[in-house]
$ cat structure-v3.pdb   # PDB, C-alpha atoms
ATOM      1  CA  MET A 617     176.491 155.881  95.614
ATOM      2  CA  LYS A 618     172.969 156.429  94.272
ATOM      3  CA  LYS A 619     173.683 154.253  91.236
ATOM      4  CA  LEU A 620     175.108 151.522  93.475
ATOM      5  CA  ASN A 621     172.052 151.613  95.735
ATOM      6  CA  LEU A 622     169.725 151.470  92.724
ATOM      7  CA  LYS A 623     171.524 148.441  91.299
ATOM      8  CA  LEU A 624     171.337 146.712  94.676
ATOM      9  CA  ILE A 625     167.590 147.385  94.881
ATOM     10  CA  ILE A 626     167.088 146.033  91.358
ATOM     11  CA  ILE A 627     169.044 142.860  92.165
ATOM     12  CA  VAL A 628     167.020 142.290  95.339
ATOM     13  CA  VAL A 629     163.714 142.869  93.518
ATOM     14  CA  PHE A 630     164.543 140.474  90.694
ATOM     15  CA  PHE A 631     165.737 137.821  93.165
ATOM     16  CA  SER A 632     162.506 138.159  95.158
ATOM     17  CA  LEU A 633     160.384 137.910  92.030
ATOM     18  CA  THR A 634     162.293 134.812  90.935
ATOM     19  CA  VAL A 635     161.681 133.141  94.288
ATOM     20  CA  CYS A 636     157.967 133.964  94.177
ATOM     21  CA  SER A 637     157.391 132.869  90.593
ATOM     22  CA  GLY A 638     159.643 129.924  89.986
ATOM     23  CA  ASN A 639     159.576 127.870  93.188
ATOM     24  CA  ALA A 640     163.316 128.634  93.414
ATOM     25  CA  SER A 641     164.318 125.206  92.135
ATOM     26  CA  ALA A 642     167.643 124.692  90.394
ATOM     27  CA  LEU A 643     167.478 124.307  86.632
ATOM     28  CA  ASP A 644     168.868 121.227  84.985
ATOM     29  CA  TYR A 645     170.741 121.702  81.714
ATOM     30  CA  THR A 646     167.940 119.813  79.948
ATOM     31  CA  ASP A 647     165.578 122.655  80.946
ATOM     32  CA  ILE A 648     167.516 125.278  78.980
ATOM     33  CA  PRO A 649     165.646 124.685  75.666
ATOM     34  CA  GLN A 650     162.299 125.132  77.429
ATOM     35  CA  VAL A 651     163.453 128.337  79.122
ATOM     36  CA  GLY A 652     164.757 129.630  75.789
ATOM     37  CA  LEU A 653     161.495 128.757  74.064
ATOM     38  CA  ALA A 654     159.516 130.557  76.774
ATOM     39  CA  PHE A 655     161.683 133.647  76.341
ATOM     40  CA  LEU A 656     161.154 133.608  72.569
ATOM     41  CA  THR A 657     157.413 133.054  73.020
ATOM     42  CA  ASN A 658     157.041 136.113  75.237
ATOM     43  CA  LEU A 659     159.299 138.139  72.934
ATOM     44  CA  SER A 660     157.220 137.236  69.871
ATOM     45  CA  ILE A 661     153.928 138.031  71.610
ATOM     46  CA  HIS A 662     155.348 141.320  72.937
ATOM     47  CA  GLU A 663     156.370 142.495  69.468
ATOM     48  CA  THR A 664     153.095 141.285  67.963
ATOM     49  CA  GLY A 665     151.326 143.550  70.453
ATOM     50  CA  HIS A 666     153.130 146.558  68.995
ATOM     51  CA  TYR A 667     152.312 145.421  65.472
ATOM     52  CA  LEU A 668     148.588 145.014  66.191
ATOM     53  CA  VAL A 669     148.281 148.405  67.918
ATOM     54  CA  ALA A 670     150.083 150.076  65.009
ATOM     55  CA  SER A 671     147.806 148.298  62.541
ATOM     56  CA  GLN A 672     144.681 149.423  64.389
ATOM     57  CA  ALA A 673     146.031 152.986  64.437
ATOM     58  CA  GLY A 674     146.464 152.904  60.659
ATOM     59  CA  ALA A 675     150.247 153.287  60.822
ATOM     60  CA  ALA A 676     152.251 153.171  57.602
ATOM     61  CA  GLY A 677     155.303 150.951  57.139
ATOM     62  CA  ASN A 678     154.374 148.648  60.012
ATOM     63  CA  SER A 679     157.071 145.969  60.379
ATOM     64  CA  LEU A 680     158.734 143.564  62.828
ATOM     65  CA  THR A 681     162.361 142.462  63.075
ATOM     66  CA  PHE A 682     164.248 140.418  65.636
ATOM     67  CA  PHE A 683     167.784 140.475  67.052
ATOM     68  CA  LYS A 684     168.710 143.744  65.425
ATOM     69  CA  LYS A 685     171.119 146.576  66.208
ATOM     70  CA  ASP A 686     169.800 150.107  65.786
ATOM     71  CA  ARG A 687     171.756 153.296  66.538
ATOM     72  CA  ASN A 688     174.268 151.573  68.860
ATOM     73  CA  SER A 689     171.481 149.738  70.721
ATOM     74  CA  PHE A 690     170.663 146.036  70.462
ATOM     75  CA  PHE A 691     167.036 144.887  70.311
ATOM     76  CA  PHE A 692     165.829 141.330  70.820
ATOM     77  CA  GLY A 693     162.734 142.434  68.931
ATOM     78  CA  LEU A 694     161.967 145.702  67.177
ATOM     79  CA  SER A 695     158.659 147.001  65.871
ATOM     80  CA  THR A 696     158.920 150.023  63.577
ATOM     81  CA  VAL A 697     156.566 152.240  61.608
ATOM     82  CA  THR A 698     157.329 154.915  59.031
ATOM     83  CA  ASN A 699     154.359 157.065  60.007
ATOM     84  CA  ILE A 700     151.819 156.975  62.842
ATOM     85  CA  ASP A 701     149.419 159.512  64.343
ATOM     86  CA  ASP A 702     151.203 161.272  67.212
ATOM     87  CA  ARG A 703     148.158 160.703  69.410
ATOM     88  CA  SER A 704     148.544 156.925  68.954
ATOM     89  CA  LYS A 705     152.242 156.768  69.840
ATOM     90  CA  PRO A 706     151.754 156.145  73.589
ATOM     91  CA  ALA A 707     149.454 153.193  72.870
ATOM     92  CA  TYR A 708     151.893 151.923  70.256
ATOM     93  CA  HIS A 709     154.800 151.989  72.710
ATOM     94  CA  LEU A 710     152.734 150.239  75.405
ATOM     95  CA  GLY A 711     151.250 147.632  73.055
ATOM     96  CA  GLY A 712     154.000 145.124  73.733
ATOM     97  CA  GLU A 713     153.509 145.295  77.483
ATOM     98  CA  LEU A 714     149.767 144.835  77.110
ATOM     99  CA  ALA A 715     150.408 141.687  75.067
ATOM    100  CA  SER A 716     152.899 140.390  77.650
ATOM    101  CA  SER A 717     150.377 141.009  80.429
ATOM    102  CA  TYR A 718     147.886 138.782  78.581
ATOM    103  CA  THR A 719     150.620 136.163  78.263
ATOM    104  CA  PHE A 720     151.161 136.307  82.011
ATOM    105  CA  GLU A 721     147.465 135.841  82.739
ATOM    106  CA  PHE A 722     147.411 132.784  80.466
ATOM    107  CA  ALA A 723     150.534 131.295  82.079
ATOM    108  CA  LEU A 724     149.209 132.046  85.590
ATOM    109  CA  ARG A 725     145.943 130.264  84.828
ATOM    110  CA  ARG A 726     147.881 127.260  83.534
ATOM    111  CA  TYR A 727     150.078 127.339  86.642
ATOM    112  CA  ARG A 728     147.049 127.289  88.914
ATOM    113  CA  GLU A 729     145.725 124.349  86.913
ATOM    114  CA  HIS A 730     148.946 122.580  87.974
ATOM    115  CA  ASP A 731     150.896 123.111  84.779
ATOM    116  CA  ARG A 732     154.213 123.432  86.627
ATOM    117  CA  THR A 733     156.391 122.622  83.635
ATOM    118  CA  THR A 734     159.660 124.467  83.177
ATOM    119  CA  TYR A 735     158.254 126.084  80.020
ATOM    120  CA  ASN A 736     155.141 127.488  81.707
ATOM    121  CA  ASN A 737     157.043 128.628  84.812
ATOM    122  CA  ALA A 738     159.588 130.412  82.623
ATOM    123  CA  LEU A 739     156.861 131.941  80.438
ATOM    124  CA  MET A 740     155.130 133.215  83.563
ATOM    125  CA  PHE A 741     158.368 134.726  84.856
ATOM    126  CA  PHE A 742     159.410 136.397  81.581
ATOM    127  CA  SER A 743     155.966 137.873  80.924
ATOM    128  CA  MET A 744     155.633 139.019  84.546
ATOM    129  CA  THR A 745     158.979 140.853  84.596
ATOM    130  CA  ASP A 746     158.912 142.047  80.981
ATOM    131  CA  PHE A 747     158.130 145.700  81.688
ATOM    132  CA  LEU A 748     160.306 145.832  84.800
ATOM    133  CA  TRP A 749     163.495 144.595  83.170
ATOM    134  CA  TYR A 750     162.805 146.783  80.115
ATOM    135  CA  THR A 751     162.416 149.974  82.164
ATOM    136  CA  THR A 752     165.441 149.048  84.256
ATOM    137  CA  TYR A 753     167.599 148.511  81.190
ATOM    138  CA  ALA A 754     166.307 151.502  79.198
ATOM    139  CA  PHE A 755     166.478 154.040  82.044
ATOM    140  CA  TYR A 756     169.378 152.899  84.212
ATOM    141  CA  ILE A 757     171.654 150.396  82.458
ATOM    142  CA  SER A 758     171.812 151.029  78.709
ATOM    143  CA  PRO A 759     174.674 153.343  77.733
ATOM    144  CA  TYR A 760     172.531 154.755  74.904
ATOM    145  CA  GLN A 761     169.162 156.464  75.384
ATOM    146  CA  ASN A 762     167.404 155.166  72.284
ATOM    147  CA  GLY A 763     163.897 156.552  71.748
ATOM    148  CA  LYS A 764     162.863 153.187  70.283
ATOM    149  CA  PHE A 765     163.064 151.617  73.724
ATOM    150  CA  ASP A 766     159.424 151.339  74.796
ATOM    151  CA  PRO A 767     159.799 152.955  78.256
ATOM    152  CA  ILE A 768     161.689 155.915  76.774
ATOM    153  CA  GLY A 769     159.096 156.222  74.011
ATOM    154  CA  ILE A 770     156.296 156.250  76.582
ATOM    155  CA  SER A 771     158.049 158.945  78.604
ATOM    156  CA  GLU A 772     158.775 161.122  75.574
ATOM    157  CA  THR A 773     155.276 160.910  74.082
ATOM    158  CA  THR A 774     153.334 161.382  77.315
ATOM    159  CA  GLY A 775     155.613 163.526  79.456
ATOM    160  CA  ILE A 776     155.400 161.008  82.298
ATOM    161  CA  LYS A 777     158.572 161.028  84.388
ATOM    162  CA  ARG A 778     160.847 158.002  84.190
ATOM    163  CA  GLU A 779     160.612 157.409  87.932
ATOM    164  CA  ALA A 780     156.825 157.120  87.651
ATOM    165  CA  ILE A 781     157.087 154.624  84.781
ATOM    166  CA  PHE A 782     159.622 152.561  86.717
ATOM    167  CA  LEU A 783     157.296 152.599  89.743
ATOM    168  CA  VAL A 784     154.421 151.313  87.585
ATOM    169  CA  ALA A 785     156.626 148.510  86.228
ATOM    170  CA  LEU A 786     157.792 147.597  89.729
ATOM    171  CA  THR A 787     154.227 147.647  91.075
ATOM    172  CA  GLN A 788     152.924 145.473  88.254
ATOM    173  CA  ALA A 789     155.642 142.837  88.664
ATOM    174  CA  SER A 790     155.428 142.830  92.467
ATOM    175  CA  LEU A 791     151.635 142.461  92.591
ATOM    176  CA  ASN A 792     151.720 139.661  90.035
ATOM    177  CA  ALA A 793     154.457 137.896  91.997
ATOM    178  CA  LEU A 794     152.233 138.186  95.080
ATOM    179  CA  ARG A 795     149.363 136.611  93.124
ATOM    180  CA  ILE A 796     151.578 133.636  92.315
ATOM    181  CA  TYR A 797     152.868 133.283  95.858
ATOM    182  CA  THR A 798     149.481 133.551  97.604
ATOM    183  CA  SER A 799     147.319 131.963  94.867
ATOM    184  CA  LYS A 800     144.904 134.864  95.412
ATOM    185  CA  ASP A 801     143.933 137.820  93.259
ATOM    186  CA  SER A 802     143.669 140.388  96.024
ATOM    187  CA  MET A 803     145.065 143.094  93.737
ATOM    188  CA  VAL A 804     145.230 142.667  89.964
ATOM    189  CA  PRO A 805     147.348 145.133  87.933
ATOM    190  CA  SER A 806     146.430 145.827  84.333
ATOM    191  CA  PHE A 807     147.187 148.187  81.460
ATOM    192  CA  ILE A 808     144.485 150.134  79.656
ATOM    193  CA  ILE A 809     144.949 151.027  76.004
ATOM    194  CA  ASP A 810     142.692 152.945  73.656
ATOM    195  CA  LYS A 811     143.606 154.488  70.317
ATOM    196  CA  TYR A 812     144.565 157.768  71.960
ATOM    197  CA  PHE A 813     144.859 156.764  75.614
ATOM    198  CA  ILE A 814     146.969 154.597  77.926
ATOM    199  CA  GLY A 815     146.601 153.921  81.628
ATOM    200  CA  PHE A 816     147.531 151.642  84.506
ATOM    201  CA  ASN A 817     144.929 150.175  86.814
ATOM    202  CA  VAL A 818     144.921 148.021  89.964
ATOM    203  CA  LYS A 819     141.683 146.124  90.550
ATOM    204  CA  VAL A 820     140.737 145.177  94.081
ATOM    205  CA  PRO A 821     137.946 142.546  93.945
ATOM    206  CA  PHE A 822     135.407 142.600  96.774
TER     207      PHE A 822
END
$ encode --input "structure-v3.pdb" --output "structure tokens"
Amino acid sequence: MKKLNLKLIIIVVFFSLTVCSGNASALDYTDIPQVGLAFLTNLSIHETGHYLVASQAGAAGNSLTFFKKDRNSFFFGLSTVTNIDDRSKPAYHLGGELASSYTFEFALRRYREHDRTTYNNALMFFSMTDFLWYTTYAFYISPYQNGKFDPIGISETTGIKREAIFLVALTQASLNALRIYTSKDSMVPSFIIDKYFIGFNVKVPF
């Protein structure tokens, strides 16, 4: 029953976020290439975020691959290192989400400048929900608990409980959806990354 309730909550949340971010208009089949390109754009930027954090941390064997299966788990994108300072692992795992959050801010600015193209709307949606769908899949849907999933890596390297990480992801996506819907930045969520530190912040402008 708990699993059923959780899945229902997730479905409702994703539906609500879709309504807030995409104007809830039906997609035409000609829009599919733009949606696909937006997905690939966010994916590429996400993985580049991992790569850059690893590079700054002086990691060895820093590499990127896409659409790869690893230990019974499928990855749209996979950043790997052969050696990295343990203190930098949390930042490394969160690097992709930081990059996606920058992508969202860019797409949101374009949206407010009346760039309402299918590509920009889709890019805004994918970057906004990136961490939420990842935590949902890694913690509650995937049949395999692979430590290379970013949310699992964050939990294992910091000791933060999975429920807390999921709550952060849900808060980030919900607040950003509210920013789209209201066209106001009453509360702005953001990630903080240093070489040996990660954090989540909500700014309330006065």
$ residues_around --input "structure-v3.pdb" --residues "Gln788 in chain A" --least-positions-apart "3" --cutoff "6 Å" --atoms "only C-alpha atoms" --output "PDB file with C-alpha atoms, in the coordinates of the input"
ATOM      1  CA  ALA A 785     156.626 148.510  86.228  1.00  0.00           C
ATOM      2  CA  LEU A 791     151.635 142.461  92.591  1.00  0.00           C
ATOM      3  CA  PRO A 805     147.348 145.133  87.933  1.00  0.00           C
TER       4      PRO A 805
END
$ atom_distance --input "structure-v3.pdb" --atom1 "CA of Ile770 in chain A" --atom2 "CA of Lys705 in chain A"
7.9 Å
$ axis_aligned_box --input "structure-v3.pdb" --around "range 751-769 of chain A" --padding-each-side "6 Å" --output "JSON"
{"center_x": 166.9, "center_y": 152.5, "center_z": 77.3, "size_x": 27.6, "size_y": 20.0, "size_z": 26.0}
$ residues_around --input "structure-v3.pdb" --residues "range 740-751 of chain A" --least-positions-apart "6" --cutoff "10 Å" --atoms "all atoms listed in the file" --output "PyMOL selection string"
chain A and resi 626+629-630+633-634+636-638+651+654-659+661-662+710+712-727+734+757+765-768+778-779+781-793+796
$ resolve_selection --input "structure-v3.pdb" --expression "the PyMOL selection byres ((chain A and resi 698) around 6)" --output "ChimeraX atom specification"
/A:676-677,697,699
$ resolve_selection --input "structure-v3.pdb" --expression "the PyMOL selection byres ((chain A and resi 818) around 8)" --output "PyMOL selection string"
chain A and resi 803-806+816-817+819-820
$ write_last_selection --input "structure-v3.pdb" --atoms "C-alpha atoms" --output "JSON list (two decimals), in the frame of the given file"
[["chain", "number", "residue", "atom", "x", "y", "z"],
["A", 803, "MET", "CA", 145.06, 143.09, 93.74],
["A", 804, "VAL", "CA", 145.23, 142.67, 89.96],
["A", 805, "PRO", "CA", 147.35, 145.13, 87.93],
["A", 806, "SER", "CA", 146.43, 145.83, 84.33],
["A", 816, "PHE", "CA", 147.53, 151.64, 84.51],
["A", 817, "ASN", "CA", 144.93, 150.18, 86.81],
["A", 819, "LYS", "CA", 141.68, 146.12, 90.55],
["A", 820, "VAL", "CA", 140.74, 145.18, 94.08]]
$ atom_distance --input "structure-v3.pdb" --atom1 "CA of Thr774 in chain A" --atom2 "CA of Glu663 in chain A"
20.7 Å
$ atom_distance --input "structure-v3.pdb" --atom1 "CA of Thr681 in chain A" --atom2 "CA of Phe755 in chain A"
22.6 Å
$ closest_residue --input "structure-v3.pdb" --among "A:Ala675, A:Ala754, A:Ile808, A:Leu739" --to "Leu653 in chain A" --atoms "only C-alpha atoms"
A:Leu739
